[in-house]
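Reproduced below: entry01.json, with JSON, C-alpha atoms and all ligand atoms.
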```
[["chain", "number", "residue", "atom", "x", "y", "z"],
["A", 1, "MET", "CA", 6.58, -10.49, -13.62],
["A", 2, "LYS", "CA", 6.01, -6.95, -14.86],
["A", 3, "MET", "CA", 2.45, -7.85, -15.62],
["A", 4, "MET", "CA", 2.12, -9.11, -12.09],
["A", 5, "ALA", "CA", 3.54, -5.91, -10.61],
["A", 6, "CYS", "CA", 1.11, -3.86, -12.65],
["A", 7, "ARG", "CA", -1.84, -5.90, -11.58],
["A", 8, "LEU", "CA", -0.70, -5.68, -8.01],
["A", 9, "LEU", "CA", -0.61, -1.95, -8.09],
["A", 10, "MET", "CA", -4.21, -2.03, -9.24],
["A", 11, "PHE", "CA", -4.98, -4.48, -6.51],
["A", 12, "VAL", "CA", -3.66, -2.25, -3.75],
["A", 13, "PHE", "CA", -6.11, 0.44, -4.78],
["A", 14, "SER", "CA", -8.96, -1.97, -5.31],
["A", 15, "LEU", "CA", -8.21, -3.47, -1.91],
["A", 16, "ALA", "CA", -8.53, -0.10, -0.23],
["A", 17, "GLN", "CA", -11.70, 0.71, -2.14],
["A", 18, "GLY", "CA", -13.22, -2.74, -1.74],
["A", 19, "ASN", "CA", -12.74, -2.49, 1.96],
["A", 20, "GLN", "CA", -14.36, 0.88, 2.18],
["A", 21, "ALA", "CA", -17.41, -0.27, 0.29],
["A", 22, "GLY", "CA", -17.56, -3.25, 2.64],
["A", 23, "GLN", "CA", -17.61, -5.66, -0.27],
["A", 24, "PRO", "CA", -16.72, -9.22, 0.58],
["A", 25, "PHE", "CA", -13.56, -10.69, -0.88],
["A", 26, "ILE", "CA", -13.99, -13.35, -3.55],
["A", 27, "VAL", "CA", -10.71, -14.97, -2.60],
["A", 28, "THR", "CA", -10.49, -15.49, 1.14],
["A", 29, "GLN", "CA", -7.61, -16.60, 3.30],
["A", 30, "SER", "CA", -7.21, -18.19, 6.66],
["A", 31, "PRO", "CA", -7.22, -15.59, 9.42],
["A", 32, "ASP", "CA", -4.13, -14.81, 11.48],
["A", 33, "VAL", "CA", -1.63, -17.61, 11.86],
["A", 34, "GLU", "CA", 0.70, -17.87, 14.83],
["A", 35, "VAL", "CA", 3.56, -20.36, 14.77],
["A", 36, "ALA", "CA", 6.59, -20.97, 16.93],
["A", 37, "PHE", "CA", 10.05, -20.13, 15.66],
["A", 38, "GLY", "CA", 11.48, -23.04, 13.65],
["A", 39, "SER", "CA", 8.20, -24.79, 12.88],
["A", 40, "SER", "CA", 6.36, -24.51, 9.58],
["A", 41, "ALA", "CA", 3.45, -22.21, 8.84],
["A", 42, "ARG", "CA", 0.46, -23.20, 6.73],
["A", 43, "LEU", "CA", -1.34, -20.61, 4.66],
["A", 44, "GLN", "CA", -4.76, -21.21, 3.15],
["A", 45, "CYS", "CA", -6.27, -19.57, 0.09],
["A", 46, "ASN", "CA", -9.89, -20.22, -0.78],
["A", 47, "ILE", "CA", -10.68, -19.77, -4.49],
["A", 48, "ALA", "CA", -13.87, -21.85, -4.64],
["A", 49, "GLU", "CA", -15.99, -19.05, -6.09],
["A", 50, "LEU", "CA", -13.79, -18.60, -9.15],
["A", 51, "PHE", "CA", -13.77, -22.16, -10.55],
["A", 52, "SER", "CA", -10.06, -22.06, -11.14],
["A", 53, "SER", "CA", -6.98, -24.03, -10.30],
["A", 54, "CYS", "CA", -4.27, -23.64, -7.68],
["A", 55, "SER", "CA", -1.69, -23.50, -10.47],
["A", 56, "HIS", "CA", -2.88, -19.93, -11.07],
["A", 57, "VAL", "CA", -2.24, -18.90, -7.49],
["A", 58, "ASP", "CA", 0.82, -16.97, -6.31],
["A", 59, "TRP", "CA", 1.71, -15.85, -2.81],
["A", 60, "LEU", "CA", 3.06, -12.41, -2.09],
["A", 61, "LYS", "CA", 4.33, -10.75, 1.03],
["A", 62, "LEU", "CA", 3.75, -7.17, 2.07],
["A", 63, "ASP", "CA", 7.04, -5.34, 2.39],
["A", 64, "PRO", "CA", 7.26, -4.44, 6.08],
["A", 65, "ARG", "CA", 9.19, -1.25, 5.34],
["A", 66, "LYS", "CA", 7.01, -0.01, 2.47],
["A", 67, "PRO", "CA", 3.38, -0.46, 3.45],
["A", 68, "MET", "CA", 1.91, -0.43, -0.08],
["A", 69, "VAL", "CA", 4.42, -2.76, -1.75],
["A", 70, "LEU", "CA", 4.00, -6.49, -2.23],
["A", 71, "HIS", "CA", 6.78, -8.73, -3.37],
["A", 72, "VAL", "CA", 7.18, -12.30, -4.49],
["A", 73, "THR", "CA", 8.87, -14.44, -1.88],
["A", 74, "ASP", "CA", 10.48, -17.78, -2.46],
["A", 75, "ARG", "CA", 9.91, -18.64, 1.20],
["A", 76, "VAL", "CA", 6.34, -19.68, 0.43],
["A", 77, "LYS", "CA", 6.04, -23.16, -1.09],
["A", 78, "MET", "CA", 2.82, -24.25, -2.75],
["A", 79, "VAL", "CA", 1.74, -27.65, -1.52],
["A", 80, "ASN", "CA", -1.14, -28.35, -3.88],
["A", 81, "PRO", "CA", -0.46, -30.84, -6.59],
["A", 82, "ASN", "CA", -0.68, -28.61, -9.64],
["A", 83, "ASP", "CA", -3.16, -29.97, -12.07],
["A", 84, "ILE", "CA", -1.49, -30.10, -15.46],
["A", 85, "ASN", "CA", -4.67, -30.11, -17.52],
["A", 86, "ASN", "CA", -6.31, -27.37, -15.48],
["A", 87, "ILE", "CA", -9.54, -29.25, -15.81],
["A", 88, "VAL", "CA", -10.11, -29.84, -12.16],
["A", 89, "PHE", "CA", -11.31, -26.86, -10.17],
["A", 90, "ASN", "CA", -9.67, -26.41, -6.82],
["A", 91, "SER", "CA", -11.44, -24.78, -3.95],
["A", 92, "VAL", "CA", -8.69, -24.47, -1.35],
["A", 93, "CYS", "CA", -5.01, -23.96, -2.11],
["A", 94, "TRP", "CA", -2.41, -24.53, 0.55],
["A", 95, "ALA", "CA", 1.11, -23.20, 0.95],
["A", 96, "THR", "CA", 3.73, -23.63, 3.63],
["A", 97, "ILE", "CA", 6.66, -21.65, 4.92],
["A", 98, "PRO", "CA", 9.14, -24.13, 6.33],
["A", 99, "GLU", "CA", 11.24, -23.42, 9.44],
["A", 100, "VAL", "CA", 9.94, -19.93, 10.07],
["A", 101, "THR", "CA", 12.12, -17.19, 11.51],
["A", 102, "VAL", "CA", 11.13, -13.79, 12.88],
["A", 103, "GLN", "CA", 11.87, -12.31, 9.43],
["A", 104, "ASP", "CA", 9.01, -14.39, 7.97],
["A", 105, "SER", "CA", 6.37, -12.67, 10.05],
["A", 106, "GLY", "CA", 4.11, -10.24, 8.23],
["A", 107, "MET", "CA", 1.12, -10.04, 5.90],
["A", 108, "TYR", "CA", 0.78, -12.60, 3.11],
["A", 109, "TYR", "CA", -1.65, -12.31, 0.21],
["A", 110, "CYS", "CA", -2.61, -15.01, -2.27],
["A", 111, "VAL", "CA", -3.29, -13.78, -5.80],
["A", 112, "LEU", "CA", -5.29, -15.73, -8.36],
["A", 113, "SER", "CA", -4.67, -14.80, -12.00],
["A", 114, "HIS", "CA", -7.93, -15.33, -13.80],
["A", 115, "GLY", "CA", -7.94, -14.31, -17.47],
["A", 116, "GLN", "CA", -7.37, -10.56, -17.56],
["A", 117, "PHE", "CA", -7.94, -10.16, -13.85],
["A", 118, "ALA", "CA", -6.07, -10.81, -10.67],
["A", 119, "TYR", "CA", -8.04, -11.55, -7.54],
["A", 120, "VAL", "CA", -6.33, -10.97, -4.25],
["A", 121, "GLY", "CA", -7.24, -12.59, -0.98],
["A", 122, "ASN", "CA", -8.01, -10.69, 2.19],
["A", 123, "GLY", "CA", -4.61, -11.43, 3.70],
["A", 124, "THR", "CA", -3.17, -13.56, 6.46],
["A", 125, "ARG", "CA", -1.00, -12.12, 9.17],
["A", 126, "LEU", "CA", 1.75, -14.49, 10.19],
["A", 127, "THR", "CA", 3.18, -14.06, 13.66],
["A", 128, "VAL", "CA", 6.29, -15.97, 14.63],
["A", 129, "THR", "CA", 6.64, -16.49, 18.34],
["A", 130, "GLU", "CA", 9.97, -17.09, 19.97],
["A", 131, "PRO", "CA", 9.76, -19.84, 22.56],
["A", 132, "ASN", "CA", 10.22, -18.84, 26.21],
["A", 133, "SER", "CA", 10.98, -15.23, 25.53],
["A", 134, "VAL", "CA", 8.89, -12.47, 27.02],
["A", 135, "PRO", "CA", 9.33, -9.36, 24.90],
["A", 136, "PRO", "CA", 9.92, -6.18, 26.90],
["A", 137, "ALA", "CA", 7.35, -3.40, 26.75],
["A", 138, "PRO", "CA", 7.79, -1.19, 23.70],
["A", 139, "SER", "CA", 8.65, 2.47, 23.98],
["A", 140, "ILE", "CA", 5.75, 4.72, 22.90],
["A", 141, "GLU", "CA", 6.01, 8.48, 22.45],
["A", 142, "ILE", "CA", 3.30, 10.84, 21.21],
["A", 143, "ILE", "CA", 4.69, 13.98, 19.59],
["A", 144, "PRO", "CA", 2.17, 16.85, 19.53],
["A", 145, "PRO", "CA", 2.61, 19.73, 17.10],
["A", 146, "MET", "CA", 3.91, 23.10, 18.30],
["A", 147, "ALA", "CA", 1.23, 24.82, 16.22],
["A", 148, "TYR", "CA", -1.84, 23.70, 14.34],
["A", 149, "ALA", "CA", -4.80, 24.97, 12.35],
["A", 150, "SER", "CA", -8.10, 23.14, 11.92],
["A", 151, "THR", "CA", -6.62, 19.68, 12.51],
["A", 152, "VAL", "CA", -4.05, 18.58, 15.02],
["A", 153, "PRO", "CA", -1.48, 16.08, 13.69],
["A", 154, "LEU", "CA", -0.35, 13.70, 16.41],
["A", 155, "LEU", "CA", 2.61, 11.45, 15.72],
["A", 156, "CYS", "CA", 3.17, 8.24, 17.64],
["A", 157, "LEU", "CA", 6.69, 6.80, 17.64],
["A", 158, "VAL", "CA", 7.11, 3.18, 18.65],
["A", 159, "SER", "CA", 10.32, 1.26, 19.13],
["A", 160, "GLY", "CA", 11.15, -2.06, 20.72],
["A", 161, "VAL", "CA", 8.65, -4.05, 18.64],
["A", 162, "ILE", "CA", 9.08, -6.03, 15.45],
["A", 163, "PRO", "CA", 7.25, -3.73, 13.00],
["A", 164, "SER", "CA", 5.67, -6.55, 10.99],
["A", 165, "GLN", "CA", 4.29, -8.13, 14.18],
["A", 166, "ALA", "CA", 2.96, -5.02, 15.83],
["A", 167, "ARG", "CA", -0.24, -3.14, 15.18],
["A", 168, "VAL", "CA", -0.30, 0.54, 16.01],
["A", 169, "SER", "CA", -3.64, 2.31, 16.25],
["A", 170, "TRP", "CA", -5.30, 5.12, 18.17],
["A", 171, "LEU", "CA", -8.06, 5.46, 20.71],
["A", 172, "ILE", "CA", -9.46, 8.95, 20.23],
["A", 173, "ASN", "CA", -11.99, 9.76, 22.93],
["A", 174, "GLY", "CA", -12.81, 6.06, 23.13],
["A", 175, "THR", "CA", -13.08, 5.49, 19.36],
["A", 176, "VAL", "CA", -10.60, 3.20, 17.60],
["A", 177, "GLU", "CA", -8.87, 4.89, 14.66],
["A", 178, "ASN", "CA", -6.24, 3.26, 12.45],
["A", 179, "GLY", "CA", -4.20, 6.32, 11.56],
["A", 180, "TRP", "CA", -1.41, 5.96, 9.03],
["A", 181, "THR", "CA", 1.39, 3.56, 9.93],
["A", 182, "GLU", "CA", 4.83, 3.60, 8.44],
["A", 183, "SER", "CA", 7.98, 1.76, 9.40],
["A", 184, "ALA", "CA", 11.37, 3.37, 9.20],
["A", 185, "LEU", "CA", 12.89, 3.01, 5.76],
["A", 186, "GLU", "CA", 16.44, 2.43, 6.84],
["A", 187, "GLU", "CA", 17.42, -1.18, 7.11],
["A", 188, "ASP", "CA", 18.37, -2.35, 10.53],
["A", 189, "ASP", "CA", 19.31, -5.95, 11.05],
["A", 190, "ASP", "CA", 17.68, -5.95, 14.45],
["A", 191, "PRO", "CA", 13.96, -5.47, 13.83],
["A", 192, "LEU", "CA", 13.50, -4.43, 17.46],
["A", 193, "LYS", "CA", 15.52, -1.29, 16.77],
["A", 194, "ARG", "CA", 13.35, -0.17, 13.87],
["A", 195, "LEU", "CA", 11.03, 2.72, 14.48],
["A", 196, "THR", "CA", 7.36, 2.47, 13.62],
["A", 197, "GLN", "CA", 5.40, 5.66, 13.35],
["A", 198, "ASN", "CA", 1.71, 6.31, 13.07],
["A", 199, "GLN", "CA", 0.15, 9.65, 12.38],
["A", 200, "ILE", "CA", -3.41, 10.76, 12.97],
["A", 201, "LEU", "CA", -5.26, 14.01, 12.44],
["A", 202, "VAL", "CA", -7.59, 15.07, 15.25],
["A", 203, "PRO", "CA", -10.04, 17.92, 14.63],
["A", 204, "ALA", "CA", -8.76, 20.95, 16.54],
["A", 205, "GLU", "CA", -12.20, 21.54, 18.03],
["A", 206, "GLU", "CA", -12.23, 18.10, 19.70],
["A", 207, "TRP", "CA", -8.59, 18.31, 20.70],
["A", 208, "GLU", "CA", -9.15, 21.61, 22.47],
["A", 209, "LYS", "CA", -11.98, 20.07, 24.49],
["A", 210, "GLY", "CA", -9.26, 17.90, 26.04],
["A", 211, "ILE", "CA", -10.31, 14.51, 24.65],
["A", 212, "PRO", "CA", -7.88, 11.72, 25.57],
["A", 213, "CYS", "CA", -5.76, 10.59, 22.57],
["A", 214, "SER", "CA", -4.05, 7.25, 23.13],
["A", 215, "CYS", "CA", -1.56, 5.53, 20.87],
["A", 216, "VAL", "CA", -2.18, 1.78, 21.21],
["A", 217, "VAL", "CA", 0.43, -0.83, 20.33],
["A", 218, "GLU", "CA", -0.61, -4.46, 20.10],
["A", 219, "PHE", "CA", 2.40, -6.72, 20.19],
["A", 220, "ALA", "CA", 3.00, -10.33, 21.19],
["A", 221, "GLY", "CA", -0.59, -10.73, 22.34],
["A", 222, "LYS", "CA", -0.38, -7.74, 24.68],
["A", 223, "SER", "CA", -1.61, -4.21, 24.42],
["A", 224, "PHE", "CA", 0.43, -1.16, 25.42],
["A", 225, "SER", "CA", -0.62, 2.47, 25.21],
["A", 226, "LYS", "CA", 0.28, 6.05, 25.97],
["A", 227, "THR", "CA", -2.23, 8.90, 26.30],
["A", 228, "LEU", "CA", -1.95, 12.60, 25.58],
["A", 229, "GLN", "CA", -4.50, 15.36, 26.13],
["A", 230, "HIS", "CA", -4.65, 18.97, 25.09],
["A", 231, "ASP", "CA", -4.18, 20.27, 28.63],
["A", 232, "ASP", "CA", -0.82, 18.54, 29.19],
["A", 233, "GLN", "CA", 0.44, 19.81, 25.89],
["A", 234, "CYS", "CA", -0.95, 23.28, 26.42],
["A", 235, "PHE", "CA", 0.73, 23.44, 29.79],
["A", 236, "ALA", "CA", 4.03, 22.25, 28.33],
["A", 237, "VAL", "CA", 3.96, 24.84, 25.56],
["A", 238, "PHE", "CA", 2.77, 27.52, 27.97],
["A", 239, "CYS", "CA", 5.71, 26.70, 30.24],
["A", 240, "ILE", "CA", 8.19, 26.92, 27.41],
["A", 241, "TYR", "CA", 6.80, 30.26, 26.33],
["A", 242, "THR", "CA", 6.67, 31.59, 29.88],
["A", 243, "VAL", "CA", 10.24, 30.53, 30.62],
["A", 244, "ALA", "CA", 11.40, 32.01, 27.32],
["A", 245, "TRP", "CA", 9.56, 35.26, 28.02],
["A", 246, "VAL", "CA", 10.84, 35.61, 31.58],
["A", 247, "THR", "CA", 14.40, 34.79, 30.51],
["A", 248, "SER", "CA", 14.39, 37.26, 27.66],
["A", 249, "SER", "CA", 12.88, 39.96, 29.92],
["A", 250, "ILE", "CA", 15.61, 39.46, 32.51],
["A", 251, "ILE", "CA", 18.33, 39.60, 29.86],
["A", 252, "LEU", "CA", 16.75, 42.74, 28.45],
["A", 253, "LEU", "CA", 16.58, 44.34, 31.90],
["A", 254, "LEU", "CA", 20.21, 43.45, 32.59],
["A", 255, "LEU", "CA", 21.27, 44.90, 29.25],
["A", 256, "VAL", "CA", 19.33, 48.11, 29.81],
["A", 257, "GLY", "CA", 20.67, 48.35, 33.39],
["A", 258, "THR", "CA", 24.26, 47.82, 32.31],
["A", 259, "THR", "CA", 23.98, 50.40, 29.55],
["A", 260, "ALA", "CA", 22.46, 52.90, 31.97],
["A", 261, "VAL", "CA", 25.25, 52.34, 34.50],
["A", 262, "CYS", "CA", 27.85, 52.73, 31.76],
["A", 263, "LEU", "CA", 26.22, 55.88, 30.54],
["A", 264, "CYS", "CA", 26.18, 57.33, 34.08],
["A", 265, "LYS", "CA", 29.80, 56.48, 34.79],
["A", 266, "ASN", "CA", 31.09, 57.76, 31.47],
["A", 267, "PRO", "CA", 28.69, 60.38, 30.23],
["A", 268, "PRO", "CA", 29.09, 60.67, 26.51],
["A", 269, "LEU", "CA", 30.80, 63.79, 25.34],
["A", 270, "PHE", "CA", 28.89, 65.99, 22.99],
["A", 271, "VAL", "CA", 31.19, 68.43, 21.33],
["A", 301, "LIG", "C1", -10.78, -13.28, 5.38],
["A", 301, "LIG", "O1", -12.01, -13.89, 5.17],
["A", 301, "LIG", "C2", -12.21, -15.10, 5.93],
["A", 301, "LIG", "C3", -13.52, -15.71, 5.50],
["A", 301, "LIG", "O2", -14.54, -14.75, 5.44],
["A", 301, "LIG", "C4", -12.22, -14.76, 7.42],
["A", 301, "LIG", "O3", -12.37, -15.92, 8.19],
["A", 301, "LIG", "C5", -10.89, -14.09, 7.76],
["A", 301, "LIG", "O4", -10.89, -13.68, 9.10],
["A", 301, "LIG", "C6", -10.63, -12.89, 6.86],
["A", 301, "LIG", "N1", -9.29, -12.40, 7.14],
["A", 301, "LIG", "C7", -9.02, -11.13, 7.42],
["A", 301, "LIG", "C8", -7.59, -10.77, 7.61],
["A", 301, "LIG", "O5", -9.89, -10.28, 7.51],
["A", 302, "LIG", "C1", -16.08, 12.16, 23.96],
["A", 302, "LIG", "O1", -16.80, 11.03, 24.38],
["A", 302, "LIG", "C2", -17.83, 11.30, 25.32],
["A", 302, "LIG", "C3", -18.41, 9.98, 25.79],
["A", 302, "LIG", "O2", -18.67, 9.13, 24.72],
["A", 302, "LIG", "C4", -18.87, 12.20, 24.68],
["A", 302, "LIG", "O3", -19.88, 12.51, 25.60],
["A", 302, "LIG", "C5", -18.19, 13.48, 24.22],
["A", 302, "LIG", "O4", -19.11, 14.30, 23.53],
["A", 302, "LIG", "C6", -17.01, 13.18, 23.30],
["A", 302, "LIG", "N1", -16.29, 14.41, 23.07],
["A", 302, "LIG", "C7", -15.98, 14.86, 21.85],
["A", 302, "LIG", "C8", -15.28, 16.17, 21.79],
["A", 302, "LIG", "O5", -16.22, 14.23, 20.81]]
```

Represent the structure from my file as C-alpha cells, please.
Ligand SMILES: *[C@@H]1O[C@H](CO)[C@@H](O)[C@H](O)[C@H]1NC(C)=O
Ligand SMILES: *[C@@H]1O[C@H](CO)[C@@H](O)[C@H](O)[C@H]1NC(C)=O
Amino acid sequence: MKMMACRLLMFVFSLAQGNQAGQPFIVTQSPDVEVAFGSSARLQCNIAELFSSCSHVDWLKLDPRKPMVLHVTDRVKMVNPNDINNIVFNSVCWATIPEVTVQDSGMYYCVLSHGQFAYVGNGTRLTVTEPNSVPPAPSIEIIPPMAYASTVPLLCLVSGVIPSQARVSWLINGTVENGWTESALEEDDDPLKRLTQNQILVPAEEWEKGIPCSCVVEFAGKSFSKTLQHDDQCFAVFCIYTVAWVTSSIILLLLVGTTAVCLCKNPPLFV
C-alpha cells in the first residue's frame, strides 16, 4: 500500500504536467457518469494500449476535502473476471459501485500497475442525482482584497452545493479560468453546509480597467454566477474611507471644540 501511495504522489504531479503538455492519456476512462441515488454506477477503464490485465487495476477516489489526495475505496467493486494466469490481455476493465449515495459522488481514477510504473486514467466524475429534488441555488460571494500590488486576489466562497458535485470556475473578461479550488477541511455531515472556495489572481492592470470577474458554479446541471468589477469595489472602499474620514474629522472637531470651551470657562492658572 505504501508503494501505491508513493506512486500516486508521483502520478498527481505527472497528471498535472501531462495535462499541460497536452499529452493523451494511455489509460482512458469513461467520461462523466450520472446515476440516480440507490442505483449502481458503472466505471470503465480502458487499458488496451498497455497489453496488461485487469487484475493489475485498482480504483481510487479523489478525497473531496483534500484536492491532491487519492484514497483506496472499498465501495468500488471490480467486475472483470480476474485472469489467474495473466496471459490474456484485457482491453476494458469494468467496476461498479452498488447502491450509490450522495457520498459516493466525486472523481474516480483507475490505476494500472505495470512493472515499475503506474499508469493513471484520465478520471471519471460520478454525479449522484437525488430523485425529484430540485437543489436550491447556491450562495456565491466574491471577496475582493482591501489592498493589492501587481495582482489582485479574488476569493469566491460557495455554499449550498455538494463540493464533490460542483465545479467552481471563473469567467474573467469572457475567458474561462479554473482558479484554485479547495473545500473546507472541517468535516460536516451535511455536505450542503460545506464551504467551497476558489481563488484566482487577476493582473492589477486588467482589474483596474474594470473587466467583469464572475465566479461560476456548475451544480446539478445548472450554472450559477456572481460578478464583481473594479468600480463596485473601488466605490465600496472609497465609501468606507470617506465615512471613516468624515467621522474622525467630526470627532476631532468636537474634541477640539470641547477643549476650547473648557479652556475658556476655566482659564488655566499660571503661577
Ligand atoms: C478520457 O478520455 C476518453 C477517451 O479519450 C474521453 O472520452 C473522456 O471524455 C476523457 N475523460 C475526461 C474526464 O477528460
Ligand atoms: C476584455 O475583452 C474585450 C472583448 O474581448 C477586449 O476588447 C478587451 O481588450 C479585454 N480587456 C482586457 C483588459 O483584457

Tell me, as JSON, numbers by chain, which residues lie within 6 Å of Tyr109 (chain A), counting all atoms listed in the file; anything in the same chain fewer than 4 positions away does not count.
{"A": [59, 60, 121, 123]}

Could you produce a table of the residues of chain A lying within 12 Å of ligand LIG 301 (chain A), with the nearest pair of atoms per residue and their separation in Å rounded to one decimal, using all atoms listed in the file, ordered by chain and increasing residue number, as a Markdown table?
```
| residue | atom | partner | partner_atom | distance |
| --- | --- | --- | --- | --- |
| A:Leu15 | CA | A:LIG301 | O5 | 11.7 |
| A:Asn19 | CA | A:LIG301 | O5 | 10.0 |
| A:Gly22 | CA | A:LIG301 | O5 | 11.5 |
| A:Gln23 | CA | A:LIG301 | O2 | 11.2 |
| A:Pro24 | CA | A:LIG301 | O2 | 7.7 |
| A:Phe25 | CA | A:LIG301 | O1 | 7.0 |
| A:Ile26 | CA | A:LIG301 | O1 | 9.0 |
| A:Val27 | CA | A:LIG301 | O1 | 8.0 |
| A:Thr28 | CA | A:LIG301 | O1 | 4.6 |
| A:Gln29 | CA | A:LIG301 | C1 | 5.0 |
| A:Ser30 | CA | A:LIG301 | C5 | 5.6 |
| A:Pro31 | CA | A:LIG301 | O4 | 4.1 |
| A:Asp32 | CA | A:LIG301 | C8 | 6.6 |
| A:Val33 | CA | A:LIG301 | C8 | 10.0 |
| A:Leu43 | CA | A:LIG301 | N1 | 11.7 |
| A:Gln44 | CA | A:LIG301 | C2 | 10.0 |
| A:Cys45 | CA | A:LIG301 | C1 | 9.4 |
| A:Asn46 | CA | A:LIG301 | C3 | 8.5 |
| A:Ile47 | CA | A:LIG301 | C3 | 11.2 |
| A:Ala48 | CA | A:LIG301 | C3 | 11.9 |
| A:Gly106 | CA | A:LIG301 | C8 | 11.7 |
| A:Met107 | CA | A:LIG301 | C8 | 8.9 |
| A:Tyr108 | CA | A:LIG301 | C8 | 9.7 |
| A:Tyr109 | CA | A:LIG301 | C8 | 9.6 |
| A:Cys110 | CA | A:LIG301 | C1 | 11.3 |
| A:Val120 | CA | A:LIG301 | C1 | 10.9 |
| A:Gly121 | CA | A:LIG301 | C1 | 7.3 |
| A:Asn122 | CA | A:LIG301 | C1 | 5.0 |
| A:Gly123 | CA | A:LIG301 | C8 | 5.0 |
| A:Thr124 | CA | A:LIG301 | C8 | 5.4 |
| A:Arg125 | CA | A:LIG301 | C8 | 6.9 |
| A:Leu126 | CA | A:LIG301 | C8 | 10.4 |
```

Cut-off 12 Å, all atoms listed in the file, neighbours of ligand LIG 302 (chain A) as a compact mmCIF listing (two decimals) with C-alpha atoms, keeping the file's coordinate frame:
```
# COMPACT_ATOMS: atom_id res chain seq x y z
CA LEU A 171 -8.06 5.46 20.71
CA ILE A 172 -9.46 8.95 20.23
CA ASN A 173 -11.99 9.76 22.93
CA GLY A 174 -12.81 6.06 23.13
CA THR A 175 -13.08 5.49 19.36
CA VAL A 202 -7.59 15.07 15.25
CA PRO A 203 -10.04 17.92 14.63
CA ALA A 204 -8.76 20.95 16.54
CA GLU A 205 -12.20 21.54 18.03
CA GLU A 206 -12.23 18.10 19.70
CA TRP A 207 -8.59 18.31 20.70
CA GLU A 208 -9.15 21.61 22.47
CA LYS A 209 -11.98 20.07 24.49
CA GLY A 210 -9.26 17.90 26.04
CA ILE A 211 -10.31 14.51 24.65
CA PRO A 212 -7.88 11.72 25.57
CA CYS A 213 -5.76 10.59 22.57
CA GLN A 229 -4.50 15.36 26.13
CA HIS A 230 -4.65 18.97 25.09
```

To one decimal in Å, tell me the separation between CA of Thr129 (chain A) and CA of Asn198 (chain A).
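We find that CA of Thr129 (chain A) and CA of Asn198 (chain A) lie 23.9 Å from each other.
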
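For the pair CA of Ala149 (chain A) and CA of Trp180 (chain A), the interatomic distance is 19.6 Å.
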
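Coordinates place CA of Lys226 (chain A) at a distance of 28.6 Å from CA of Asp104 (chain A).
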
Near-Leu70 (chain A) list (8 Å; all atoms listed in the file; drop same-chain fewer than 2 positions) as an mmCIF file with C-alpha atoms, in the frame of the given file:
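The result, written out as out_1.cif:
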```cif
data_model
loop_
_atom_site.group_PDB
_atom_site.id
_atom_site.type_symbol
_atom_site.label_atom_id
_atom_site.label_comp_id
_atom_site.auth_asym_id
_atom_site.auth_seq_id
_atom_site.Cartn_x
_atom_site.Cartn_y
_atom_site.Cartn_z
ATOM 1 C CA LEU A 8 -0.700 -5.680 -8.010
ATOM 2 C CA LEU A 60 3.060 -12.410 -2.090
ATOM 3 C CA LYS A 61 4.330 -10.750 1.030
ATOM 4 C CA LEU A 62 3.750 -7.170 2.070
ATOM 5 C CA ASP A 63 7.040 -5.340 2.390
ATOM 6 C CA MET A 68 1.910 -0.430 -0.080
ATOM 7 C CA VAL A 72 7.180 -12.300 -4.490
#
```

Please identify all polymer residues within 7 Å of Ala36 (chain A), counting all atoms listed in the file, omitting same-chain residues fewer than 3 positions from it, and present them as a ChimeraX atom specification.
/A:39,128-131

Test item: residues at most 8 Å from region 163-170 of chain A, all atoms listed in the file, excluding those fewer than 5 positions along its chain, as a PyMOL selection string
chain A and resi 64+105-107+126-127+175-179+181+183+191-192+194-196+198+200+213-220

Could you dump the residues just selected with C-alpha atoms as a compact mmCIF listing (two decimals), in the frame of the given file?
```txt
# COMPACT_ATOMS: atom_id res chain seq x y z
CA PRO A 64 7.26 -4.44 6.08
CA SER A 105 6.37 -12.67 10.05
CA GLY A 106 4.11 -10.24 8.23
CA MET A 107 1.12 -10.04 5.90
CA LEU A 126 1.75 -14.49 10.19
CA THR A 127 3.18 -14.06 13.66
CA THR A 175 -13.08 5.49 19.36
CA VAL A 176 -10.60 3.20 17.60
CA GLU A 177 -8.87 4.89 14.66
CA ASN A 178 -6.24 3.26 12.45
CA GLY A 179 -4.20 6.32 11.56
CA THR A 181 1.39 3.56 9.93
CA SER A 183 7.98 1.76 9.40
CA PRO A 191 13.96 -5.47 13.83
CA LEU A 192 13.50 -4.43 17.46
CA ARG A 194 13.35 -0.17 13.87
CA LEU A 195 11.03 2.72 14.48
CA THR A 196 7.36 2.47 13.62
CA ASN A 198 1.71 6.31 13.07
CA ILE A 200 -3.41 10.76 12.97
CA CYS A 213 -5.76 10.59 22.57
CA SER A 214 -4.05 7.25 23.13
CA CYS A 215 -1.56 5.53 20.87
CA VAL A 216 -2.18 1.78 21.21
CA VAL A 217 0.43 -0.83 20.33
CA GLU A 218 -0.61 -4.46 20.10
CA PHE A 219 2.40 -6.72 20.19
CA ALA A 220 3.00 -10.33 21.19
```

Can you pull out the residues contacting Pro138 (chain A)? Cut-off 9 Å, using only C-alpha atoms, and skip same-chain residues under 3 positions away; I want them as a ChimeraX atom specification.
/A:135,158-161,217,219,224

Rank nothing, just name the residue among A:Gln197, A:Ser223, A:Ser55, A:Ser113 nearest to Ile142 (chain A), using only C-alpha atoms.
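Closest candidate: A:Gln197.
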